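**Q** Next up, my_file-v7.pdb (PDB, N, CA and C atoms).
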```
ATOM      1  N   MET G   1       0.562   4.300  11.780  1.00  0.00           N
ATOM      2  CA  MET G   1       1.056   4.506  10.435  1.00  0.00           C
ATOM      3  C   MET G   1       0.597   3.403   9.480  1.00  0.00           C
ATOM      4  N   VAL G   2       0.032   2.366   9.996  1.00  0.00           N
ATOM      5  CA  VAL G   2      -0.420   1.256   9.159  1.00  0.00           C
ATOM      6  C   VAL G   2      -1.782   1.551   8.552  1.00  0.00           C
ATOM      7  N   ILE G   3      -2.596   2.304   9.271  1.00  0.00           N
ATOM      8  CA  ILE G   3      -3.982   2.548   8.862  1.00  0.00           C
ATOM      9  C   ILE G   3      -4.094   3.158   7.468  1.00  0.00           C
ATOM     10  N   PRO G   4      -3.302   4.179   7.099  1.00  0.00           N
ATOM     11  CA  PRO G   4      -3.452   4.734   5.743  1.00  0.00           C
ATOM     12  C   PRO G   4      -3.197   3.709   4.641  1.00  0.00           C
ATOM     13  N   PHE G   5      -2.239   2.810   4.846  1.00  0.00           N
ATOM     14  CA  PHE G   5      -1.971   1.798   3.840  1.00  0.00           C
ATOM     15  C   PHE G   5      -3.138   0.824   3.705  1.00  0.00           C
ATOM     16  N   VAL G   6      -3.751   0.488   4.825  1.00  0.00           N
ATOM     17  CA  VAL G   6      -4.914  -0.401   4.790  1.00  0.00           C
ATOM     18  C   VAL G   6      -6.059   0.279   4.058  1.00  0.00           C
ATOM     19  N   ILE G   7      -6.313   1.545   4.377  1.00  0.00           N
ATOM     20  CA  ILE G   7      -7.418   2.267   3.753  1.00  0.00           C
ATOM     21  C   ILE G   7      -7.203   2.393   2.243  1.00  0.00           C
ATOM     22  N   ILE G   8      -6.008   2.772   1.840  1.00  0.00           N
ATOM     23  CA  ILE G   8      -5.727   2.911   0.407  1.00  0.00           C
ATOM     24  C   ILE G   8      -5.829   1.560  -0.291  1.00  0.00           C
ATOM     25  N   GLY G   9      -5.314   0.514   0.323  1.00  0.00           N
ATOM     26  CA  GLY G   9      -5.407  -0.818  -0.271  1.00  0.00           C
ATOM     27  C   GLY G   9      -6.836  -1.277  -0.435  1.00  0.00           C
ATOM     28  N   VAL G  10      -7.657  -1.027   0.568  1.00  0.00           N
ATOM     29  CA  VAL G  10      -9.073  -1.415   0.487  1.00  0.00           C
ATOM     30  C   VAL G  10      -9.789  -0.598  -0.577  1.00  0.00           C
ATOM     31  N   LEU G  11      -9.513   0.704  -0.642  1.00  0.00           N
ATOM     32  CA  LEU G  11     -10.150   1.533  -1.670  1.00  0.00           C
ATOM     33  C   LEU G  11      -9.767   1.074  -3.070  1.00  0.00           C
ATOM     34  N   PHE G  12      -8.507   0.724  -3.266  1.00  0.00           N
ATOM     35  CA  PHE G  12      -8.101   0.221  -4.575  1.00  0.00           C
ATOM     36  C   PHE G  12      -8.732  -1.138  -4.859  1.00  0.00           C
ATOM     37  N   ALA G  13      -8.942  -1.947  -3.843  1.00  0.00           N
ATOM     38  CA  ALA G  13      -9.593  -3.247  -4.046  1.00  0.00           C
ATOM     39  C   ALA G  13     -11.065  -3.083  -4.386  1.00  0.00           C
ATOM     40  N   ILE G  14     -11.710  -2.078  -3.802  1.00  0.00           N
ATOM     41  CA  ILE G  14     -13.139  -1.866  -4.054  1.00  0.00           C
ATOM     42  C   ILE G  14     -13.374  -1.230  -5.419  1.00  0.00           C
ATOM     43  N   PHE G  15     -12.650  -0.159  -5.707  1.00  0.00           N
ATOM     44  CA  PHE G  15     -12.908   0.596  -6.931  1.00  0.00           C
ATOM     45  C   PHE G  15     -12.210   0.031  -8.160  1.00  0.00           C
ATOM     46  N   LYS G  16     -11.314  -0.882  -7.971  1.00  0.00           N
ATOM     47  CA  LYS G  16     -10.598  -1.581  -9.036  1.00  0.00           C
ATOM     48  C   LYS G  16     -10.024  -0.614 -10.062  1.00  0.00           C
ATOM     49  N   GLU G  17     -10.382  -0.732 -11.315  1.00  0.00           N
ATOM     50  CA  GLU G  17      -9.754   0.059 -12.376  1.00  0.00           C
ATOM     51  C   GLU G  17     -10.093   1.542 -12.288  1.00  0.00           C
ATOM     52  N   LYS G  18     -11.200   1.875 -11.669  1.00  0.00           N
ATOM     53  CA  LYS G  18     -11.547   3.286 -11.490  1.00  0.00           C
ATOM     54  C   LYS G  18     -10.551   3.984 -10.558  1.00  0.00           C
ATOM     55  N   ALA G  19      -9.948   3.240  -9.659  1.00  0.00           N
ATOM     56  CA  ALA G  19      -9.006   3.802  -8.689  1.00  0.00           C
ATOM     57  C   ALA G  19      -7.674   4.169  -9.331  1.00  0.00           C
ATOM     58  N   ALA G  20      -7.431   3.727 -10.550  1.00  0.00           N
ATOM     59  CA  ALA G  20      -6.175   4.074 -11.223  1.00  0.00           C
ATOM     60  C   ALA G  20      -6.070   5.579 -11.426  1.00  0.00           C
ATOM     61  N   GLU G  21      -7.189   6.273 -11.461  1.00  0.00           N
ATOM     62  CA  GLU G  21      -7.180   7.721 -11.631  1.00  0.00           C
ATOM     63  C   GLU G  21      -6.621   8.433 -10.405  1.00  0.00           C
ATOM     64  N   PHE G  22      -6.568   7.769  -9.258  1.00  0.00           N
ATOM     65  CA  PHE G  22      -6.031   8.373  -8.043  1.00  0.00           C
ATOM     66  C   PHE G  22      -4.508   8.252  -7.937  1.00  0.00           C
ATOM     67  N   VAL G  23      -3.906   7.534  -8.865  1.00  0.00           N
ATOM     68  CA  VAL G  23      -2.445   7.377  -8.853  1.00  0.00           C
ATOM     69  C   VAL G  23      -1.811   8.698  -9.263  1.00  0.00           C
ATOM     70  N   SER G  24      -0.814   9.096  -8.519  1.00  0.00           N
ATOM     71  CA  SER G  24      -0.160  10.375  -8.769  1.00  0.00           C
ATOM     72  C   SER G  24       0.401  10.440 -10.190  1.00  0.00           C
ATOM     73  N   GLY G  25       0.035  11.479 -10.902  1.00  0.00           N
ATOM     74  CA  GLY G  25       0.522  11.681 -12.256  1.00  0.00           C
ATOM     75  C   GLY G  25      -0.349  11.059 -13.320  1.00  0.00           C
ATOM     76  N   PHE G  26      -1.013   9.961 -13.012  1.00  0.00           N
ATOM     77  CA  PHE G  26      -1.841   9.290 -14.015  1.00  0.00           C
ATOM     78  C   PHE G  26      -3.052  10.138 -14.378  1.00  0.00           C
ATOM     79  N   ASN G  27      -3.614  10.832 -13.391  1.00  0.00           N
ATOM     80  CA  ASN G  27      -4.806  11.637 -13.666  1.00  0.00           C
ATOM     81  C   ASN G  27      -4.483  12.901 -14.448  1.00  0.00           C
ATOM     82  N   SER G  28      -3.210  13.266 -14.534  1.00  0.00           N
ATOM     83  CA  SER G  28      -2.836  14.448 -15.314  1.00  0.00           C
ATOM     84  C   SER G  28      -2.652  14.127 -16.793  1.00  0.00           C
ATOM     85  N   PHE G  29      -2.632  12.853 -17.158  1.00  0.00           N
ATOM     86  CA  PHE G  29      -2.542  12.465 -18.558  1.00  0.00           C
ATOM     87  C   PHE G  29      -3.851  12.767 -19.263  1.00  0.00           C
ATOM     88  N   SER G  30      -3.784  12.961 -20.562  1.00  0.00           N
ATOM     89  CA  SER G  30      -5.017  13.103 -21.341  1.00  0.00           C
ATOM     90  C   SER G  30      -5.693  11.736 -21.441  1.00  0.00           C
ATOM     91  N   LYS G  31      -6.924  11.739 -21.870  1.00  0.00           N
ATOM     92  CA  LYS G  31      -7.669  10.469 -21.985  1.00  0.00           C
ATOM     93  C   LYS G  31      -6.994   9.524 -22.983  1.00  0.00           C
ATOM     94  N   GLU G  32      -6.401  10.092 -24.019  1.00  0.00           N
ATOM     95  CA  GLU G  32      -5.716   9.260 -25.020  1.00  0.00           C
ATOM     96  C   GLU G  32      -4.478   8.602 -24.409  1.00  0.00           C
ATOM     97  N   GLU G  33      -3.739   9.367 -23.596  1.00  0.00           N
ATOM     98  CA  GLU G  33      -2.558   8.802 -22.952  1.00  0.00           C
ATOM     99  C   GLU G  33      -2.944   7.774 -21.898  1.00  0.00           C
ATOM    100  N   GLN G  34      -4.030   8.029 -21.171  1.00  0.00           N
ATOM    101  CA  GLN G  34      -4.480   7.059 -20.165  1.00  0.00           C
ATOM    102  C   GLN G  34      -4.914   5.756 -20.819  1.00  0.00           C
ATOM    103  N   ALA G  35      -5.453   5.844 -22.026  1.00  0.00           N
ATOM    104  CA  ALA G  35      -5.910   4.637 -22.721  1.00  0.00           C
ATOM    105  C   ALA G  35      -4.746   3.729 -23.102  1.00  0.00           C
ATOM    106  N   MET G  36      -3.536   4.283 -23.179  1.00  0.00           N
ATOM    107  CA  MET G  36      -2.371   3.478 -23.545  1.00  0.00           C
ATOM    108  C   MET G  36      -1.868   2.620 -22.388  1.00  0.00           C
ATOM    109  N   TYR G  37      -2.328   2.884 -21.175  1.00  0.00           N
ATOM    110  CA  TYR G  37      -1.863   2.156 -19.993  1.00  0.00           C
ATOM    111  C   TYR G  37      -2.886   1.103 -19.573  1.00  0.00           C
ATOM    112  N   ASP G  38      -2.387   0.061 -18.941  1.00  0.00           N
ATOM    113  CA  ASP G  38      -3.243  -1.009 -18.436  1.00  0.00           C
ATOM    114  C   ASP G  38      -3.706  -0.641 -17.029  1.00  0.00           C
ATOM    115  N   LYS G  39      -4.939  -0.160 -16.920  1.00  0.00           N
ATOM    116  CA  LYS G  39      -5.453   0.297 -15.623  1.00  0.00           C
ATOM    117  C   LYS G  39      -5.578  -0.856 -14.635  1.00  0.00           C
ATOM    118  N   ALA G  40      -5.888  -2.032 -15.123  1.00  0.00           N
ATOM    119  CA  ALA G  40      -6.005  -3.189 -14.221  1.00  0.00           C
ATOM    120  C   ALA G  40      -4.663  -3.496 -13.560  1.00  0.00           C
ATOM    121  N   GLN G  41      -3.597  -3.411 -14.326  1.00  0.00           N
ATOM    122  CA  GLN G  41      -2.271  -3.680 -13.764  1.00  0.00           C
ATOM    123  C   GLN G  41      -1.867  -2.594 -12.777  1.00  0.00           C
ATOM    124  N   ILE G  42      -2.233  -1.352 -13.065  1.00  0.00           N
ATOM    125  CA  ILE G  42      -1.903  -0.246 -12.168  1.00  0.00           C
ATOM    126  C   ILE G  42      -2.580  -0.446 -10.820  1.00  0.00           C
ATOM    127  N   PHE G  43      -3.867  -0.748 -10.827  1.00  0.00           N
ATOM    128  CA  PHE G  43      -4.561  -0.901  -9.543  1.00  0.00           C
ATOM    129  C   PHE G  43      -4.094  -2.140  -8.800  1.00  0.00           C
ATOM    130  N   HIS G  44      -3.751  -3.206  -9.519  1.00  0.00           N
ATOM    131  CA  HIS G  44      -3.207  -4.403  -8.861  1.00  0.00           C
ATOM    132  C   HIS G  44      -1.880  -4.081  -8.166  1.00  0.00           C
ATOM    133  N   ASP G  45      -1.024  -3.348  -8.851  1.00  0.00           N
ATOM    134  CA  ASP G  45       0.283  -3.011  -8.278  1.00  0.00           C
ATOM    135  C   ASP G  45       0.158  -2.149  -7.033  1.00  0.00           C
ATOM    136  N   ILE G  46      -0.659  -1.107  -7.100  1.00  0.00           N
ATOM    137  CA  ILE G  46      -0.818  -0.210  -5.957  1.00  0.00           C
ATOM    138  C   ILE G  46      -1.463  -0.952  -4.789  1.00  0.00           C
ATOM    139  N   ARG G  47      -2.488  -1.744  -5.069  1.00  0.00           N
ATOM    140  CA  ARG G  47      -3.151  -2.511  -4.006  1.00  0.00           C
ATOM    141  C   ARG G  47      -2.178  -3.467  -3.337  1.00  0.00           C
ATOM    142  N   ASN G  48      -1.411  -4.185  -4.139  1.00  0.00           N
ATOM    143  CA  ASN G  48      -0.453  -5.144  -3.584  1.00  0.00           C
ATOM    144  C   ASN G  48       0.656  -4.452  -2.802  1.00  0.00           C
ATOM    145  N   GLN G  49       1.116  -3.304  -3.283  1.00  0.00           N
ATOM    146  CA  GLN G  49       2.140  -2.555  -2.551  1.00  0.00           C
ATOM    147  C   GLN G  49       1.618  -2.094  -1.201  1.00  0.00           C
ATOM    148  N   CYS G  50       0.378  -1.619  -1.164  1.00  0.00           N
ATOM    149  CA  CYS G  50      -0.194  -1.147   0.103  1.00  0.00           C
ATOM    150  C   CYS G  50      -0.338  -2.292   1.096  1.00  0.00           C
ATOM    151  N   PHE G  51      -0.830  -3.425   0.631  1.00  0.00           N
ATOM    152  CA  PHE G  51      -1.000  -4.553   1.540  1.00  0.00           C
ATOM    153  C   PHE G  51       0.350  -5.136   1.966  1.00  0.00           C
ATOM    154  N   THR G  52       1.336  -5.123   1.087  1.00  0.00           N
ATOM    155  CA  THR G  52       2.672  -5.600   1.446  1.00  0.00           C
ATOM    156  C   THR G  52       3.295  -4.700   2.510  1.00  0.00           C
ATOM    157  N   CYS G  53       3.164  -3.386   2.326  1.00  0.00           N
ATOM    158  CA  CYS G  53       3.686  -2.448   3.334  1.00  0.00           C
ATOM    159  C   CYS G  53       2.975  -2.641   4.667  1.00  0.00           C
ATOM    160  N   THR G  54       1.674  -2.910   4.623  1.00  0.00           N
ATOM    161  CA  THR G  54       0.913  -3.140   5.845  1.00  0.00           C
ATOM    162  C   THR G  54       1.436  -4.365   6.582  1.00  0.00           C
ATOM    163  N   VAL G  55       1.661  -5.445   5.857  1.00  0.00           N
ATOM    164  CA  VAL G  55       2.155  -6.678   6.477  1.00  0.00           C
ATOM    165  C   VAL G  55       3.547  -6.471   7.066  1.00  0.00           C
ATOM    166  N   ILE G  56       4.407  -5.768   6.343  1.00  0.00           N
ATOM    167  CA  ILE G  56       5.766  -5.529   6.836  1.00  0.00           C
ATOM    168  C   ILE G  56       5.737  -4.684   8.098  1.00  0.00           C
ATOM    169  N   MET G  57       4.910  -3.634   8.096  1.00  0.00           N
ATOM    170  CA  MET G  57       4.841  -2.773   9.285  1.00  0.00           C
ATOM    171  C   MET G  57       4.221  -3.508  10.475  1.00  0.00           C
ATOM    172  N   LEU G  58       3.191  -4.294  10.233  1.00  0.00           N
ATOM    173  CA  LEU G  58       2.592  -5.054  11.330  1.00  0.00           C
ATOM    174  C   LEU G  58       3.579  -6.065  11.899  1.00  0.00           C
ATOM    175  N   ALA G  59       4.363  -6.691  11.040  1.00  0.00           N
ATOM    176  CA  ALA G  59       5.385  -7.620  11.518  1.00  0.00           C
ATOM    177  C   ALA G  59       6.408  -6.882  12.382  1.00  0.00           C
ATOM    178  N   GLY G  60       6.771  -5.680  11.981  1.00  0.00           N
ATOM    179  CA  GLY G  60       7.696  -4.888  12.774  1.00  0.00           C
ATOM    180  C   GLY G  60       7.125  -4.506  14.120  1.00  0.00           C
ATOM    181  N   VAL G  61       5.838  -4.156  14.136  1.00  0.00           N
ATOM    182  CA  VAL G  61       5.187  -3.796  15.401  1.00  0.00           C
ATOM    183  C   VAL G  61       5.149  -4.999  16.339  1.00  0.00           C
ATOM    184  N   ILE G  62       4.752  -6.136  15.797  1.00  0.00           N
ATOM    185  CA  ILE G  62       4.644  -7.339  16.626  1.00  0.00           C
ATOM    186  C   ILE G  62       6.017  -7.770  17.142  1.00  0.00           C
ATOM    187  N   LEU G  63       7.011  -7.768  16.256  1.00  0.00           N
ATOM    188  CA  LEU G  63       8.352  -8.155  16.692  1.00  0.00           C
ATOM    189  C   LEU G  63       8.926  -7.181  17.706  1.00  0.00           C
ATOM    190  N   SER G  64       8.657  -5.896  17.535  1.00  0.00           N
ATOM    191  CA  SER G  64       9.193  -4.932  18.491  1.00  0.00           C
ATOM    192  C   SER G  64       8.542  -5.087  19.859  1.00  0.00           C
ATOM    193  N   CYS G  65       7.293  -5.519  19.888  1.00  0.00           N
ATOM    194  CA  CYS G  65       6.631  -5.756  21.181  1.00  0.00           C
ATOM    195  C   CYS G  65       7.305  -6.894  21.934  1.00  0.00           C
ATOM    196  N   PHE G  66       7.758  -7.904  21.203  1.00  0.00           N
ATOM    197  CA  PHE G  66       8.400  -9.044  21.850  1.00  0.00           C
ATOM    198  C   PHE G  66       9.887  -8.822  22.109  1.00  0.00           C
ATOM    199  N   LEU G  67      10.568  -8.117  21.218  1.00  0.00           N
ATOM    200  CA  LEU G  67      12.019  -7.995  21.324  1.00  0.00           C
ATOM    201  C   LEU G  67      12.479  -6.808  22.156  1.00  0.00           C
ATOM    202  N   THR G  68      11.699  -5.759  22.248  1.00  0.00           N
ATOM    203  CA  THR G  68      12.121  -4.559  22.966  1.00  0.00           C
ATOM    204  C   THR G  68      12.423  -4.823  24.438  1.00  0.00           C
ATOM    205  N   PRO G  69      11.602  -5.559  25.153  1.00  0.00           N
ATOM    206  CA  PRO G  69      11.939  -5.804  26.567  1.00  0.00           C
ATOM    207  C   PRO G  69      13.271  -6.540  26.737  1.00  0.00           C
ATOM    208  N   TYR G  70      13.588  -7.461  25.843  1.00  0.00           N
ATOM    209  CA  TYR G  70      14.847  -8.198  25.956  1.00  0.00           C
ATOM    210  C   TYR G  70      16.026  -7.319  25.615  1.00  0.00           C
ATOM    211  N   MET G  71      15.874  -6.423  24.686  1.00  0.00           N
ATOM    212  CA  MET G  71      16.954  -5.516  24.326  1.00  0.00           C
ATOM    213  C   MET G  71      17.206  -4.517  25.445  1.00  0.00           C
ATOM    214  N   ALA G  72      16.163  -4.113  26.124  1.00  0.00           N
ATOM    215  CA  ALA G  72      16.330  -3.177  27.236  1.00  0.00           C
ATOM    216  C   ALA G  72      17.107  -3.825  28.372  1.00  0.00           C
ATOM    217  N   ILE G  73      16.898  -5.097  28.595  1.00  0.00           N
ATOM    218  CA  ILE G  73      17.602  -5.802  29.659  1.00  0.00           C
ATOM    219  C   ILE G  73      19.089  -5.924  29.311  1.00  0.00           C
ATOM    220  N   THR G  74      19.385  -6.254  28.062  1.00  0.00           N
ATOM    221  CA  THR G  74      20.782  -6.452  27.692  1.00  0.00           C
ATOM    222  C   THR G  74      21.550  -5.133  27.666  1.00  0.00           C
ATOM    223  N   THR G  75      20.936  -4.047  27.329  1.00  0.00           N
ATOM    224  CA  THR G  75      21.663  -2.777  27.297  1.00  0.00           C
ATOM    225  C   THR G  75      21.813  -2.170  28.676  1.00  0.00           C
ATOM    226  N   SER G  76      20.971  -2.564  29.625  1.00  0.00           N
ATOM    227  CA  SER G  76      21.071  -1.978  30.958  1.00  0.00           C
ATOM    228  C   SER G  76      22.125  -2.666  31.809  1.00  0.00           C
ATOM    229  N   ARG G  77      22.617  -3.800  31.407  1.00  0.00           N
ATOM    230  CA  ARG G  77      23.596  -4.538  32.205  1.00  0.00           C
ATOM    231  C   ARG G  77      24.985  -4.235  31.785  1.00  0.00           C
TER     232      ARG G  77
END
```
Mind turning the file's structure into C-alpha cells?
**A**
Amino acid sequence: MVIPFVIIGVLFAIFKEKAAEFVSGFNSFSKEEQAMYDKAQIFHDIRNQCFTCTVIMLAGVILSCFLTPYMAITTSR
C-alpha cells in the first residue's frame, strides 16, 4: 500500500506545477479559474502529503515487524 504514495509523490516532484492538473477537481476548472490558484503550492502540498503518508506507513510496517512477535507471546499466556 506504500507504493502508490511513492509513485504519486515522485510524479508530482518530477512534473512540478504541471502535475497540479492531476489533482481531483482542479482539472475541471476553466483556465481562468485555474489561473486564480497557486499551482506551485498545490503540487508542494500533494507531494508532501504523499511522502508523509509513505513515511508513516513505513514506520508502521517496521514497528509491526518488531512488535508483533512480542504481542503474540503476551496474548498467548
**Q** For G:Met1, which residue out of G:Met57, G:Gln34, G:Phe51, G:Phe22 is the nearest one, using all atoms listed in the file?
**A**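 Closest candidate: G:Met57.
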**Q** Between atom CA of G:Ser28 and atom CA of G:Ala40, what is the spacing in Å?
**A**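 So the answer is 18.0 Å.
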**Q** Which of chain G end up as alpha helix (DSSP H) when DSSP is run on this backbone - answer as a short mmCIF file (atom, residue, chain, number, x, y, z; two decimals) with N, CA and C atoms, keeping the file's coordinate frame?
**A**
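Writing done, so here's part24.cif:
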```
data_model
loop_
_atom_site.label_atom_id
_atom_site.label_comp_id
_atom_site.auth_asym_id
_atom_site.auth_seq_id
_atom_site.Cartn_x
_atom_site.Cartn_y
_atom_site.Cartn_z
N ILE G 3 -2.60 2.30 9.27
CA ILE G 3 -3.98 2.55 8.86
C ILE G 3 -4.09 3.16 7.47
N PRO G 4 -3.30 4.18 7.10
CA PRO G 4 -3.45 4.73 5.74
C PRO G 4 -3.20 3.71 4.64
N PHE G 5 -2.24 2.81 4.85
CA PHE G 5 -1.97 1.80 3.84
C PHE G 5 -3.14 0.82 3.70
N VAL G 6 -3.75 0.49 4.82
CA VAL G 6 -4.91 -0.40 4.79
C VAL G 6 -6.06 0.28 4.06
N ILE G 7 -6.31 1.54 4.38
CA ILE G 7 -7.42 2.27 3.75
C ILE G 7 -7.20 2.39 2.24
N ILE G 8 -6.01 2.77 1.84
CA ILE G 8 -5.73 2.91 0.41
C ILE G 8 -5.83 1.56 -0.29
N GLY G 9 -5.31 0.51 0.32
CA GLY G 9 -5.41 -0.82 -0.27
C GLY G 9 -6.84 -1.28 -0.44
N VAL G 10 -7.66 -1.03 0.57
CA VAL G 10 -9.07 -1.42 0.49
C VAL G 10 -9.79 -0.60 -0.58
N LEU G 11 -9.51 0.70 -0.64
CA LEU G 11 -10.15 1.53 -1.67
C LEU G 11 -9.77 1.07 -3.07
N PHE G 12 -8.51 0.72 -3.27
CA PHE G 12 -8.10 0.22 -4.58
C PHE G 12 -8.73 -1.14 -4.86
N ALA G 13 -8.94 -1.95 -3.84
CA ALA G 13 -9.59 -3.25 -4.05
C ALA G 13 -11.06 -3.08 -4.39
N ILE G 14 -11.71 -2.08 -3.80
CA ILE G 14 -13.14 -1.87 -4.05
C ILE G 14 -13.37 -1.23 -5.42
N PHE G 15 -12.65 -0.16 -5.71
CA PHE G 15 -12.91 0.60 -6.93
C PHE G 15 -12.21 0.03 -8.16
N LYS G 31 -6.92 11.74 -21.87
CA LYS G 31 -7.67 10.47 -21.98
C LYS G 31 -6.99 9.52 -22.98
N GLU G 32 -6.40 10.09 -24.02
CA GLU G 32 -5.72 9.26 -25.02
C GLU G 32 -4.48 8.60 -24.41
N GLU G 33 -3.74 9.37 -23.60
CA GLU G 33 -2.56 8.80 -22.95
C GLU G 33 -2.94 7.77 -21.90
N GLN G 34 -4.03 8.03 -21.17
CA GLN G 34 -4.48 7.06 -20.16
C GLN G 34 -4.91 5.76 -20.82
N ALA G 35 -5.45 5.84 -22.03
CA ALA G 35 -5.91 4.64 -22.72
C ALA G 35 -4.75 3.73 -23.10
N LYS G 39 -4.94 -0.16 -16.92
CA LYS G 39 -5.45 0.30 -15.62
C LYS G 39 -5.58 -0.86 -14.64
N ALA G 40 -5.89 -2.03 -15.12
CA ALA G 40 -6.00 -3.19 -14.22
C ALA G 40 -4.66 -3.50 -13.56
N GLN G 41 -3.60 -3.41 -14.33
CA GLN G 41 -2.27 -3.68 -13.76
C GLN G 41 -1.87 -2.59 -12.78
N ILE G 42 -2.23 -1.35 -13.06
CA ILE G 42 -1.90 -0.25 -12.17
C ILE G 42 -2.58 -0.45 -10.82
N PHE G 43 -3.87 -0.75 -10.83
CA PHE G 43 -4.56 -0.90 -9.54
C PHE G 43 -4.09 -2.14 -8.80
N HIS G 44 -3.75 -3.21 -9.52
CA HIS G 44 -3.21 -4.40 -8.86
C HIS G 44 -1.88 -4.08 -8.17
N ASP G 45 -1.02 -3.35 -8.85
CA ASP G 45 0.28 -3.01 -8.28
C ASP G 45 0.16 -2.15 -7.03
N ILE G 46 -0.66 -1.11 -7.10
CA ILE G 46 -0.82 -0.21 -5.96
C ILE G 46 -1.46 -0.95 -4.79
N ARG G 47 -2.49 -1.74 -5.07
CA ARG G 47 -3.15 -2.51 -4.01
C ARG G 47 -2.18 -3.47 -3.34
N ASN G 48 -1.41 -4.18 -4.14
CA ASN G 48 -0.45 -5.14 -3.58
C ASN G 48 0.66 -4.45 -2.80
N GLN G 49 1.12 -3.30 -3.28
CA GLN G 49 2.14 -2.56 -2.55
C GLN G 49 1.62 -2.09 -1.20
N CYS G 50 0.38 -1.62 -1.16
CA CYS G 50 -0.19 -1.15 0.10
C CYS G 50 -0.34 -2.29 1.10
N PHE G 51 -0.83 -3.42 0.63
CA PHE G 51 -1.00 -4.55 1.54
C PHE G 51 0.35 -5.14 1.97
N THR G 52 1.34 -5.12 1.09
CA THR G 52 2.67 -5.60 1.45
C THR G 52 3.30 -4.70 2.51
N CYS G 53 3.16 -3.39 2.33
CA CYS G 53 3.69 -2.45 3.33
C CYS G 53 2.98 -2.64 4.67
N THR G 54 1.67 -2.91 4.62
CA THR G 54 0.91 -3.14 5.84
C THR G 54 1.44 -4.36 6.58
N VAL G 55 1.66 -5.44 5.86
CA VAL G 55 2.15 -6.68 6.48
C VAL G 55 3.55 -6.47 7.07
N ILE G 56 4.41 -5.77 6.34
CA ILE G 56 5.77 -5.53 6.84
C ILE G 56 5.74 -4.68 8.10
N MET G 57 4.91 -3.63 8.10
CA MET G 57 4.84 -2.77 9.28
C MET G 57 4.22 -3.51 10.48
N LEU G 58 3.19 -4.29 10.23
CA LEU G 58 2.59 -5.05 11.33
C LEU G 58 3.58 -6.06 11.90
N ALA G 59 4.36 -6.69 11.04
CA ALA G 59 5.38 -7.62 11.52
C ALA G 59 6.41 -6.88 12.38
N GLY G 60 6.77 -5.68 11.98
CA GLY G 60 7.70 -4.89 12.77
C GLY G 60 7.12 -4.51 14.12
N VAL G 61 5.84 -4.16 14.14
CA VAL G 61 5.19 -3.80 15.40
C VAL G 61 5.15 -5.00 16.34
N ILE G 62 4.75 -6.14 15.80
CA ILE G 62 4.64 -7.34 16.63
C ILE G 62 6.02 -7.77 17.14
N LEU G 63 7.01 -7.77 16.26
CA LEU G 63 8.35 -8.15 16.69
C LEU G 63 8.93 -7.18 17.71
N SER G 64 8.66 -5.90 17.54
CA SER G 64 9.19 -4.93 18.49
C SER G 64 8.54 -5.09 19.86
N CYS G 65 7.29 -5.52 19.89
CA CYS G 65 6.63 -5.76 21.18
C CYS G 65 7.30 -6.89 21.93
N PHE G 66 7.76 -7.90 21.20
CA PHE G 66 8.40 -9.04 21.85
C PHE G 66 9.89 -8.82 22.11
N LEU G 67 10.57 -8.12 21.22
CA LEU G 67 12.02 -8.00 21.32
C LEU G 67 12.48 -6.81 22.16
N THR G 68 11.70 -5.76 22.25
CA THR G 68 12.12 -4.56 22.97
C THR G 68 12.42 -4.82 24.44
N PRO G 69 11.60 -5.56 25.15
CA PRO G 69 11.94 -5.80 26.57
C PRO G 69 13.27 -6.54 26.74
N TYR G 70 13.59 -7.46 25.84
CA TYR G 70 14.85 -8.20 25.96
C TYR G 70 16.03 -7.32 25.62
N MET G 71 15.87 -6.42 24.69
CA MET G 71 16.95 -5.52 24.33
C MET G 71 17.21 -4.52 25.44
N ALA G 72 16.16 -4.11 26.12
CA ALA G 72 16.33 -3.18 27.24
C ALA G 72 17.11 -3.82 28.37
N ILE G 73 16.90 -5.10 28.60
CA ILE G 73 17.60 -5.80 29.66
C ILE G 73 19.09 -5.92 29.31
N THR G 74 19.39 -6.25 28.06
CA THR G 74 20.78 -6.45 27.69
C THR G 74 21.55 -5.13 27.67
N THR G 75 20.94 -4.05 27.33
CA THR G 75 21.66 -2.78 27.30
C THR G 75 21.81 -2.17 28.68
N SER G 76 20.97 -2.56 29.62
CA SER G 76 21.07 -1.98 30.96
C SER G 76 22.12 -2.67 31.81
#
```
**Q** So how many Å separate atom CA of G:Gln41 and atom CA of G:Phe29, to one decimal?
**A**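 Between these atoms lies a distance of 16.8 Å.
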**Q** Quote the spacing between atom N of G:Pro4 and atom CA of G:Thr54 in Å to one decimal place.
**A**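 Calculated distance between atom N of G:Pro4 and atom CA of G:Thr54 is 8.5 Å.
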**Q** Within 8 Å of G:Lys18, counting all atoms listed in the file, which residues qualify if same-chain residues fewer than 4 places away don't, as a list in words?
**A** Phe12, Ile14, Phe22, Val23, Lys39, Ala40 and Phe43 of chain G
**Q** What would the selection look like, as a ChimeraX atom specification, if the PyMOL selection byres (((chain G and resi 6 and name CA) around 10) and name CA) were run on the coordinates I just shared?
**A** /G:1-5,7-12,47,50-55
**Q** Around stretch 17-23 of chain G, with edges along x, y and z and 6 Å added on all six sides, what centre and edge lengths do you get, in Å to one decimal, as JSON?
**A**
```
{"center_x": -6.7, "center_y": 4.0, "center_z": -10.2, "size_x": 21.7, "size_y": 21.4, "size_z": 16.4}
```
